[in-house]
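Q: Below is one structure. I have some questions about it.
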Amino acid sequence: MTVPYPDREQILFLAAQAGLTLPDAYEDELVAAYADVRRMIDRIPRGRPRSDEPAHVFVPTKFPPTKA
Amino acid sequence: MTELTELGIAEAARLIAAKQLSPVELTDACLDRIAALDRQLDSFVTLTAERARAEARAAERAILADGPRGPMHGIPYCLKDIFDTAGIRTTAMSRLLEHNVPDRDSACQEKLASAGGVLLGKNATWEFAHGGPSWDVLFPPARNPWNREFSPAGSSSGSAAAIAAGFAPATLGSDTGGSIRGPAAACGIAGLKPAYGRVSRRGVIPNCFSHDHVGPLAWTVEDVAILMQIIAGHDPEDPGSADLPVPDYRAALTGDVAGLVIGVPWQWLEQELPPAPPTRAAFESALAVFRDMGAEIRDVSLPPLQAYEDAKKTIAVAELFTIHGQDLRTRPELFGASLRYRIIAGGLVLAEDYIQAMRWRTDLARAMQVVMASVDVLMLPTAEPAGRLEPVAPETLFTKTSYTTAFNVGGNPALSVCCGFAENGLPFSLQIVGKLFDEPTVLRAGHAYEHATPWRDRRPALVARETA
């Protein structure tokens with residue numbers, strides 16, 4: 001189960017939480033784009049075992065030391 | 001004699017080795033053709049003509065003294081404008097990178113330069129290889145050489161257009177959901193998305209780390225194999241790079257596909273995303289060619305295309321926001337509208353959603369490998385023939401399903417080759433997908449098909465004119 005669908009004001013609040021203080025012209029764009037993204041998110045299967053690791057877990061040997 | 005600009009890498013390399021063709025002559029022919037025709041296509045955003053001539057002269061001197069270093073020595077090529085090139089502007093088509101001049105080459109550029117290639121310039125793409133086609137970014141979108149009113153698809157659009165137009169025999173692109181294969185399909189050329197990790201992405205501006213692949217585009221599969229031999233291999237500076245031996249790609253091109261087991265995901269093609277009747281007919285004709293060459297064709301069943309799309313795009317929007325968040329916060333007006341729409345909501349994706357999508361990706365990739373264990377390759381169309389070049393509603397990225405994205409999720413190698421032409425002259429495409437890291441079988445199948453069919457004999461009819 002995903003979180004409840006936010007209304008327009010909540011979407012703008014969440015955007016502000018993400019540091020996005022958008023010009024008015026982009027607010028409609030954000031609300032529409034969020035609806036598209038949210039439809040995909042709502043189709044993701046949930047309820048997995050606790051130990052189920054995602055793709056791209058950290059493999060330390062893949063990240064060799066770099067110069068400071 | 002074939003026009004110089006119609007020579008592929010293999011044939012040009014043979015002539016150069018035999019001292020029947022000069023790299024300078026070949027480079028000049030490419031530059032002249034670009035100068036005469038690219039105003040119609042906008043496939044290049046930066047041309048490095050003087051540097052190319054200098055590299056060609058140096059290649060010629062070296063070849064005359066010691067013979068060619070390999071098949072790319074003295075061969076012109078171009079790069080999608082997301083590959084870092086030291087001292088040469090690399091913009092990703094974005095106003096955000098208008099003045100970006102890297103101080104180090106990408107790993108692939110290093111390899112092509114070391115092989116003696118001659119860099120002609122940088123190709124148009126979609127903004128950051130993701131948002132497009134756009135008319136509000138740094139350069140206009142590339143056009144399709146088969147008909148300039150049509151799209152070359154994206155995002156390696158300029159790269160594919162340049163090959164089809166005969167501007168260069170070799171180029172590299174990137175593919176996060178189909179961006180090598182789609183343009184290759186639209187422009188009727190060969191384009192390979194290698195397995196995830198086969199080719200280094202170091203120095204390539206990212207689209208989405210977890211699904212980004214780098215690969216070659218060329219007129220023929222043999223030329224794709226030549227390029228793969230040069231760019232493939234482990235790179236410790238790319239965390240996604242696979243530490244595996246690199247096969248001999250050209251040696252795999254035996255022409256023999258007898259006994260090859262081909263899986264066709266018919267439930268995708270009949271229920272979920274049926275191709276248009278002419279596209280299906282072209283695909284079935286291609287299968288018949290393989291059947292006649294002794295291949296066996298089986299029906300296979302994979303998870304729904306929609307599942308692959310949802311997992312990939314949820315991951316992508318979050319990764320894209322991570323990459324571009326600071327610019328969205330401070331100067332959102334510098335993004336093209338198409339890209340901005342496609343990433344702006346990424347800041348609202350929960351960490352839980354991203355990780356759940358990554359868990360799902362694992363399931364979907366595993367399901368892909370289970371099916372691949374029962375066949376040698378999968379085959380399906382790459383895409384419908386190209387549509388008109390016109391603005392696309394930005395939400396289509398989220399709502400449209402493709403035949404290509406599933407193989408970015410799986411990480412499998414996938415090749416697009418031309419399989420005929422529609423009534424309007426635009427190419428049909430065949431996609432050949434292999435087991436993980438089995439590019440040789442994919443290339444063998446594509447090469448055998450090319451030699452069994454006449455599609456490589458037809459070229460776009462471009463005519464020089466005063467104004468484009």
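Residues in the structure tokens are numbered from 1 in each chain, the chains being A, B, ... in the order shown, and ligands are numbered from 1 in the order shown.
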Env of Asp243 of chain B: 8 Å cut, atoms = only C-alpha atoms, seq-sep filter 5 positions within chain, self excluded. Answer as a ChimeraX atom specification.
A: /B:233-235
Q: Can you tell me which residues surround segment 57-67 of chain A at a distance of at most 10 Å, considering only C-alpha atoms, apart from same-chain residues fewer than 6 positions away, and format the answer as a PyMOL selection string?
A: chain B and resi 235-242+358
Q: Hey, what's within 8 Å of segment 276-291 of chain B if we count only C-alpha atoms and toss same-chain stuff fewer than 4 positions away? As a ChimeraX atom specification, please?
A: /B:257,295-297,380-381,384-385,419-420,422,428-430,449,452
Q: Take the residues from that selection and write them out as a CSV table (one decimal), in the first residue's frame, keeping C-alpha atoms.
A:
chain,number,residue,atom,x,y,z
B,257,VAL,CA,22.5,-19.5,-37.6
B,295,ALA,CA,16.9,-21.4,-37.0
B,296,GLU,CA,14.2,-22.7,-34.7
B,297,ILE,CA,11.5,-20.3,-33.5
B,380,LEU,CA,10.8,-8.7,-31.8
B,381,PRO,CA,10.5,-5.4,-33.6
B,384,GLU,CA,7.3,1.2,-35.3
B,385,PRO,CA,8.8,3.1,-38.3
B,419,CYS,CA,14.4,-5.3,-41.8
B,420,GLY,CA,12.8,-3.5,-44.8
B,422,ALA,CA,7.5,0.9,-45.2
B,428,PHE,CA,11.3,-1.2,-40.4
B,429,SER,CA,13.5,-2.7,-37.6
B,430,LEU,CA,14.3,-6.0,-36.0
B,449,TYR,CA,20.4,-11.6,-41.5
B,452,ALA,CA,20.6,-12.8,-46.4
Q: Within 12 Å of segment 38-50 of chain A, counting only C-alpha atoms, which residues qualify if same-chain residues fewer than 5 places away don't, as a ChimeraX atom specification?
A: /A:1-6,11,30-33 /B:306-318,345-346,348-361,363-364,395,397-400
Q: Mind dumping the selected residues with C-alpha atoms as a PDB file, in the first residue's frame?
A:
ATOM      1  CA  MET A   1       0.000   0.000   0.000  1.00  0.00           C
ATOM      2  CA  THR A   2       1.302   3.433  -0.901  1.00  0.00           C
ATOM      3  CA  VAL A   3       0.691   6.683   0.945  1.00  0.00           C
ATOM      4  CA  PRO A   4      -2.581   8.605   0.304  1.00  0.00           C
ATOM      5  CA  TYR A   5      -2.693  10.729  -2.816  1.00  0.00           C
ATOM      6  CA  PRO A   6      -1.850  14.345  -1.964  1.00  0.00           C
ATOM      7  CA  ILE A  11       2.084  18.430  -3.671  1.00  0.00           C
ATOM      8  CA  LEU A  30       4.653  19.720 -11.323  1.00  0.00           C
ATOM      9  CA  VAL A  31       1.122  18.684 -10.335  1.00  0.00           C
ATOM     10  CA  ALA A  32       0.536  17.005 -13.715  1.00  0.00           C
ATOM     11  CA  ALA A  33       3.942  15.304 -13.716  1.00  0.00           C
TER      12      ALA A  33
ATOM     13  CA  GLN B 306       4.215  -2.402 -18.385  1.00  0.00           C
ATOM     14  CA  ALA B 307       5.973  -3.881 -15.350  1.00  0.00           C
ATOM     15  CA  TYR B 308       9.393  -3.251 -16.893  1.00  0.00           C
ATOM     16  CA  GLU B 309       8.361   0.308 -17.801  1.00  0.00           C
ATOM     17  CA  ASP B 310       7.032   1.118 -14.326  1.00  0.00           C
ATOM     18  CA  ALA B 311      10.061  -0.226 -12.499  1.00  0.00           C
ATOM     19  CA  LYS B 312      12.540   1.507 -14.793  1.00  0.00           C
ATOM     20  CA  LYS B 313      10.787   4.865 -14.952  1.00  0.00           C
ATOM     21  CA  THR B 314      10.217   5.090 -11.201  1.00  0.00           C
ATOM     22  CA  ILE B 315      13.905   4.443 -10.657  1.00  0.00           C
ATOM     23  CA  ALA B 316      14.835   6.832 -13.468  1.00  0.00           C
ATOM     24  CA  VAL B 317      12.797   9.803 -12.297  1.00  0.00           C
ATOM     25  CA  ALA B 318      14.350   9.565  -8.832  1.00  0.00           C
ATOM     26  CA  ALA B 345       8.320  15.203  -9.860  1.00  0.00           C
ATOM     27  CA  GLY B 346      11.320  13.052  -9.014  1.00  0.00           C
ATOM     28  CA  LEU B 348       8.552  13.810  -4.544  1.00  0.00           C
ATOM     29  CA  VAL B 349       9.379  10.123  -4.967  1.00  0.00           C
ATOM     30  CA  LEU B 350       9.804   8.530  -1.560  1.00  0.00           C
ATOM     31  CA  ALA B 351      12.997   6.646  -0.786  1.00  0.00           C
ATOM     32  CA  GLU B 352      10.753   3.647  -0.105  1.00  0.00           C
ATOM     33  CA  ASP B 353       9.235   3.859  -3.599  1.00  0.00           C
ATOM     34  CA  TYR B 354      12.665   4.001  -5.190  1.00  0.00           C
ATOM     35  CA  ILE B 355      13.903   0.992  -3.245  1.00  0.00           C
ATOM     36  CA  GLN B 356      10.703  -0.991  -3.874  1.00  0.00           C
ATOM     37  CA  ALA B 357      11.201  -0.300  -7.583  1.00  0.00           C
ATOM     38  CA  MET B 358      14.795  -1.512  -7.286  1.00  0.00           C
ATOM     39  CA  ARG B 359      13.560  -4.711  -5.627  1.00  0.00           C
ATOM     40  CA  TRP B 360      11.071  -5.160  -8.472  1.00  0.00           C
ATOM     41  CA  ARG B 361      13.816  -4.580 -11.002  1.00  0.00           C
ATOM     42  CA  ASP B 363      12.566  -9.785 -10.000  1.00  0.00           C
ATOM     43  CA  LEU B 364      12.022  -8.604 -13.549  1.00  0.00           C
ATOM     44  CA  GLU B 395       3.791  12.865 -20.431  1.00  0.00           C
ATOM     45  CA  LEU B 397       7.455   9.296 -21.615  1.00  0.00           C
ATOM     46  CA  PHE B 398       5.490   8.046 -18.610  1.00  0.00           C
ATOM     47  CA  THR B 399       2.497   6.621 -20.474  1.00  0.00           C
ATOM     48  CA  LYS B 400       4.074   5.039 -23.557  1.00  0.00           C
TER      49      LYS B 400
END
Q: Would you list, as a count of residues only, the residues of segment 228-394 of chain B that end up in helix (DSSP H, G or I) under DSSP run on this structure's backbone?
A: 93
Q: Give me, please, the distance in Å between atom CA of Asp38 of chain B and atom CA of Pro454 of chain B, quoted to one decimal.
A: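 Separation between atom CA of Asp38 of chain B and atom CA of Pro454 of chain B: 26.8 Å.
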Q: So the first atom is atom CA of Ile230 of chain B and the second is atom CA of Val199 of chain B; what is the distance between them in Å, to one decimal place?
A: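 Interatomic distance, atom CA of Ile230 of chain B to atom CA of Val199 of chain B: 9.6 Å.
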Q: Between atom CA of Asp42 of chain B and atom CA of Pro140 of chain B, what is the spacing in Å?
A: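 Spanning atom CA of Pro140 of chain B to atom CA of Asp42 of chain B is a straight-line distance of 6.9 Å.
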Q: Let me make sure I understand: among B:Leu328, B:Leu462, B:Val392, B:Ala170, which one has the smallest atom-to-atom distance to Ala15 of chain A if we use only C-alpha atoms?
A: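 Closest to Ala15 of chain A of all the choices is B:Leu328.
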Q: Give me the residues within 9 Å of Leu12 of chain A as a PyMOL selection string, counting only C-alpha atoms and dropping any in the same chain fewer than 2 places off.
A: chain A and resi 7-10+14-17+20-22+27+30-31
Q: Enumerate, as a list in words, the complete set of residues in segment 181-303 of chain B that a backbone-based DSSP assignment places in strand (DSSP E or B).
A: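 The strand (DSSP E or B) subset of segment 181-303 of chain B is Ala190, Gly191, Leu192, Lys193, Val199, Val204, His213, Val214, Gly215, Pro216, Leu217, Ala218, Ala232, Val261, Ile262, Gly263, Val264, Glu296, Ile297, Arg298 and Asp299 of chain B.
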Q: Output the selection as a short mmCIF file (atom, residue, chain, number, x, y, z; two decimals), in the first residue's frame - N, CA and C atoms for each residue.
A:
data_model
loop_
_atom_site.label_atom_id
_atom_site.label_comp_id
_atom_site.auth_asym_id
_atom_site.auth_seq_id
_atom_site.Cartn_x
_atom_site.Cartn_y
_atom_site.Cartn_z
N ALA B 190 22.44 -0.19 -37.98
CA ALA B 190 22.65 -1.16 -36.90
C ALA B 190 23.08 -0.42 -35.64
N GLY B 191 22.49 -0.79 -34.52
CA GLY B 191 22.86 -0.17 -33.25
C GLY B 191 22.76 -1.20 -32.14
N LEU B 192 23.81 -1.29 -31.34
CA LEU B 192 23.87 -2.30 -30.28
C LEU B 192 23.90 -1.66 -28.90
N LYS B 193 22.96 -2.08 -28.06
CA LYS B 193 23.08 -1.83 -26.63
C LYS B 193 23.75 -3.05 -26.05
N VAL B 199 30.58 -1.94 -21.46
CA VAL B 199 31.31 -0.78 -21.98
C VAL B 199 31.31 0.31 -20.90
N VAL B 204 30.75 9.80 -19.42
CA VAL B 204 29.53 9.98 -20.19
C VAL B 204 28.49 10.61 -19.26
N HIS B 213 23.53 2.48 -20.58
CA HIS B 213 24.45 1.64 -21.36
C HIS B 213 25.08 2.51 -22.45
N VAL B 214 26.31 2.18 -22.84
CA VAL B 214 26.98 2.85 -23.95
C VAL B 214 27.22 1.82 -25.04
N GLY B 215 27.04 2.22 -26.30
CA GLY B 215 27.26 1.26 -27.37
C GLY B 215 27.41 1.90 -28.74
N PRO B 216 27.74 1.08 -29.74
CA PRO B 216 28.05 1.58 -31.08
C PRO B 216 26.86 1.59 -32.04
N LEU B 217 26.92 2.49 -33.02
CA LEU B 217 25.99 2.53 -34.14
C LEU B 217 26.81 2.62 -35.42
N ALA B 218 26.39 1.91 -36.45
CA ALA B 218 27.10 1.92 -37.73
C ALA B 218 26.15 1.42 -38.81
N ALA B 232 34.80 -2.22 -25.65
CA ALA B 232 34.39 -3.13 -24.58
C ALA B 232 35.54 -3.38 -23.62
N VAL B 261 18.20 -21.03 -31.57
CA VAL B 261 16.85 -21.06 -31.00
C VAL B 261 16.41 -19.63 -30.71
N ILE B 262 15.34 -19.23 -31.39
CA ILE B 262 14.84 -17.85 -31.29
C ILE B 262 13.54 -17.85 -30.50
N GLY B 263 13.49 -17.08 -29.46
CA GLY B 263 12.24 -16.91 -28.71
C GLY B 263 11.52 -15.65 -29.17
N VAL B 264 10.21 -15.72 -29.31
CA VAL B 264 9.41 -14.55 -29.67
C VAL B 264 8.36 -14.33 -28.57
N GLU B 296 15.40 -22.21 -35.24
CA GLU B 296 14.15 -22.72 -34.67
C GLU B 296 13.47 -21.58 -33.92
N ILE B 297 12.16 -21.45 -34.09
CA ILE B 297 11.46 -20.32 -33.46
C ILE B 297 10.43 -20.84 -32.46
N ARG B 298 10.48 -20.26 -31.26
CA ARG B 298 9.59 -20.69 -30.17
C ARG B 298 8.87 -19.48 -29.58
N ASP B 299 7.71 -19.73 -29.04
CA ASP B 299 6.99 -18.71 -28.28
C ASP B 299 7.56 -18.69 -26.85
#
